[in-house]
Amino acid sequence: MLRVLVTRLASSVAVFLLIAVGLFALVRLAPGDPIEMMVPPEVSGADREAYTAAVRERFGLDQPIIVQFWRWLGGLVTGDLGYSYTNGQPVGELLADRLGPTALLMGSALVIGLLIAVPAGVIAAVRRNTVADYTISTVSVVAIAVPSFFLGMLAIYTFAVKLRVLPSAGMHGTGRDDFGDLLLHMIMPVGLLALANAATFIRYVRSGVLEELGKDYVRTIVAKGGTPSRALRHALRNSLMSLITVVAMTVPAAFSGAVVLEQIFAWPGMGQLAIYALTNRDYPILIGFGLYTALLVLICNLIADLSYTIIDPRVRTAR
């Protein structure tokens, strides 16, 4: 286990650095000048050139690209992601302030999605080709096919505008910051993201359990007098390998889905900050957002690899 952890950590660090270099290069090669957007419209002529030059010098953009890169890379190693072009605040602080709401949204949706998907997938597998199986499969396909932004707007129109039972935006109401108010604001965005997660997970749970139920060891358990529940328990555990894989792949994808829902529900997370940075060409924030996303992918893959060795001893032996 320790050897696997050390190996994966080393490779993850190397991949993260390569991604960081790629992000820096892509952002620097992007069309458009972010400094031009920072110049007030009333400034013109020679004053505009002087203002632009001063801003470039302030952020170090007057230096050659290779010098900018090494300064940025040196800061990255020490945890310094630079400063925002639009407000001058440290990018690390801006992202850290938004990380909590996004983690709350994604984490809650992931847990609820798994709590829905595992029993629903097992039921669909055990009751294969029945009404229950067809119903669960149809609902999951529809949930995957319908875009999250459409479901979000439909939910706001139904529950916030027509029924007026749920708040339409934000994390807290005006003048309120209690836990009950937070739960009310979480229902729609978390529910929609959890539905999207569950719809994806159900298909893998169903196919994984079906595959395991058809194997010889399950028939052996039943032939030796084991109960169906015991056989199902073994089949479910062995089918978790595929579920872990899809969860590790879905979490980063859910991160992008959370960006859309954060815009729709005005959720003060990293998604809103990323859209703001994209609109204003605030490249340090965009790079920081990309690095956070890459780090999330690497962490999910590392957890998935370690989970494989815990669930299936054969994987541990092979490594």
# chains A, B, ... in the order shown; residues from 1 in each chain; ligands from 1
$ select_by_dssp --residues "region 74-292 of chain A" --states "helix (DSSP H, G or I)" --output "PyMOL selection string"
chain A and resi 74-77+91-126+131-145+148-162+179-213+216-223+228-264+270-279+283-292
$ closest_atom_pairs --of "region 27-124 of chain A" --to "region 283-301 of chain A" --cutoff "9 Å" --atoms "only C-alpha atoms" --output "CSV"
residue,atom,partner,partner_atom,distance
A:Val27,CA,A:Tyr283,CA,6.6
A:Arg28,CA,A:Tyr283,CA,8.2
A:Pro34,CA,A:Tyr283,CA,7.7
A:Leu81,CA,A:Gly288,CA,6.4
A:Gly82,CA,A:Pro284,CA,6.3
A:Tyr83,CA,A:Pro284,CA,6.5
A:Ser84,CA,A:Pro284,CA,5.9
A:Tyr85,CA,A:Pro284,CA,7.3
A:Val91,CA,A:Ile285,CA,5.8
A:Gly92,CA,A:Gly288,CA,7.4
A:Leu94,CA,A:Ile285,CA,8.2
A:Leu95,CA,A:Phe289,CA,7.4
$ atom_distance --atom1 "CA of Leu151 (chain A)" --atom2 "CA of Leu163 (chain A)"
16.1 Å
$ residues_around --residues "Val139 (chain A)" --least-positions-apart "6" --cutoff "10 Å" --atoms "only C-alpha atoms" --output "compact mmCIF listing (two decimals) with all heavy atoms, in the first residue's frame"
# COMPACT_ATOMS: atom_id res chain seq x y z
N ALA A 145 -29.90 12.97 -20.13
CA ALA A 145 -30.12 13.64 -21.41
C ALA A 145 -30.51 15.10 -21.27
O ALA A 145 -30.13 15.94 -22.10
CB ALA A 145 -31.19 12.89 -22.21
N LEU A 195 -29.11 14.45 -8.65
CA LEU A 195 -29.86 13.69 -9.66
C LEU A 195 -28.99 13.33 -10.85
O LEU A 195 -29.03 12.20 -11.35
CB LEU A 195 -31.07 14.52 -10.12
CG LEU A 195 -31.96 13.88 -11.20
CD1 LEU A 195 -32.58 12.59 -10.70
CD2 LEU A 195 -33.04 14.85 -11.65
N ALA A 199 -27.98 9.47 -11.75
CA ALA A 199 -28.34 8.92 -13.06
C ALA A 199 -27.15 8.23 -13.72
O ALA A 199 -27.30 7.18 -14.36
CB ALA A 199 -28.87 10.03 -13.96
$ closest_residue --among "A:Val161, A:Ile202, A:Leu184, A:Ala231" --to "Ala124 (chain A)" --atoms "only C-alpha atoms"
A:Ile202
$ closest_atom_pairs --of "region 115-149 of chain A" --to "region 259-273 of chain A" --cutoff "12 Å" --atoms "only C-alpha atoms" --output "CSV"
residue,atom,partner,partner_atom,distance
A:Pro147,CA,A:Val260,CA,10.1
A:Ser148,CA,A:Leu261,CA,7.3
A:Phe149,CA,A:Val260,CA,6.6
$ write_last_selection --atoms "C-alpha atoms" --output "PDB file, in the first residue's frame"
ATOM      1  CA  PRO A 147     -29.255  19.696 -19.646  1.00  0.00           C
ATOM      2  CA  SER A 148     -28.687  20.855 -16.075  1.00  0.00           C
ATOM      3  CA  PHE A 149     -29.284  24.520 -16.934  1.00  0.00           C
TER       4      PHE A 149
END
$ residues_around --residues "Ser168 (chain A)" --least-positions-apart "2" --cutoff "8 Å" --atoms "only C-alpha atoms" --output "list in words"
Ile156, Ala160, Leu166, Gly170, His185 and Phe265 of chain A
$ write_last_selection --atoms "C-alpha atoms" --output "mmCIF file, in the first residue's frame"
data_model
loop_
_atom_site.group_PDB
_atom_site.id
_atom_site.type_symbol
_atom_site.label_atom_id
_atom_site.label_comp_id
_atom_site.auth_asym_id
_atom_site.auth_seq_id
_atom_site.Cartn_x
_atom_site.Cartn_y
_atom_site.Cartn_z
ATOM 1 C CA ILE A 156 -36.641 27.944 -10.130
ATOM 2 C CA ALA A 160 -39.478 29.659 -6.378
ATOM 3 C CA LEU A 166 -37.911 27.575 -1.946
ATOM 4 C CA GLY A 170 -27.712 32.448 -3.001
ATOM 5 C CA HIS A 185 -31.042 27.314 -0.357
ATOM 6 C CA PHE A 265 -28.651 29.763 -8.537
#
$ atom_distance --atom1 "CA of Leu110 (chain A)" --atom2 "CA of Arg237 (chain A)"
19.1 Å
$ closest_residue --among "A:Ala54, A:Ala120, A:Ala143, A:Leu192" --to "Leu105 (chain A)" --atoms "only C-alpha atoms"
A:Leu192
$ closest_residue --among "A:Val131, A:Ala25, A:Ala109, A:Ala96" --to "Ala258 (chain A)" --atoms "only C-alpha atoms"
A:Ala109
$ residues_around --residues "Gly60 (chain A)" --least-positions-apart "2" --cutoff "12 Å" --atoms "only C-alpha atoms" --output "PyMOL selection string"
chain A and resi 35+53-58+62-72+82-83+85
$ closest_residue --among "A:Phe150, A:Arg203, A:His172, A:Arg164" --to "Tyr134 (chain A)" --atoms "only C-alpha atoms"
A:Arg203
$ atom_distance --atom1 "CA of Asp282 (chain A)" --atom2 "CA of Val21 (chain A)"
17.6 Å
$ closest_residue --among "A:Leu154, A:Ala235, A:Ile244, A:Met171" --to "Ile303 (chain A)" --atoms "only C-alpha atoms"
A:Ile244
$ residues_around --residues "Gly121 (chain A)" --least-positions-apart "4" --cutoff "12 Å" --atoms "only C-alpha atoms" --output "NGL selection string"
:A and (113-117 or 125-128 or 132-137 or 139-140 or 198-210 or 236 or 239-240 or 243)
$ closest_residue --among "A:Asn197, A:Ser44, A:Thr220, A:Ser229" --to "Val122 (chain A)" --atoms "only C-alpha atoms"
A:Ser229
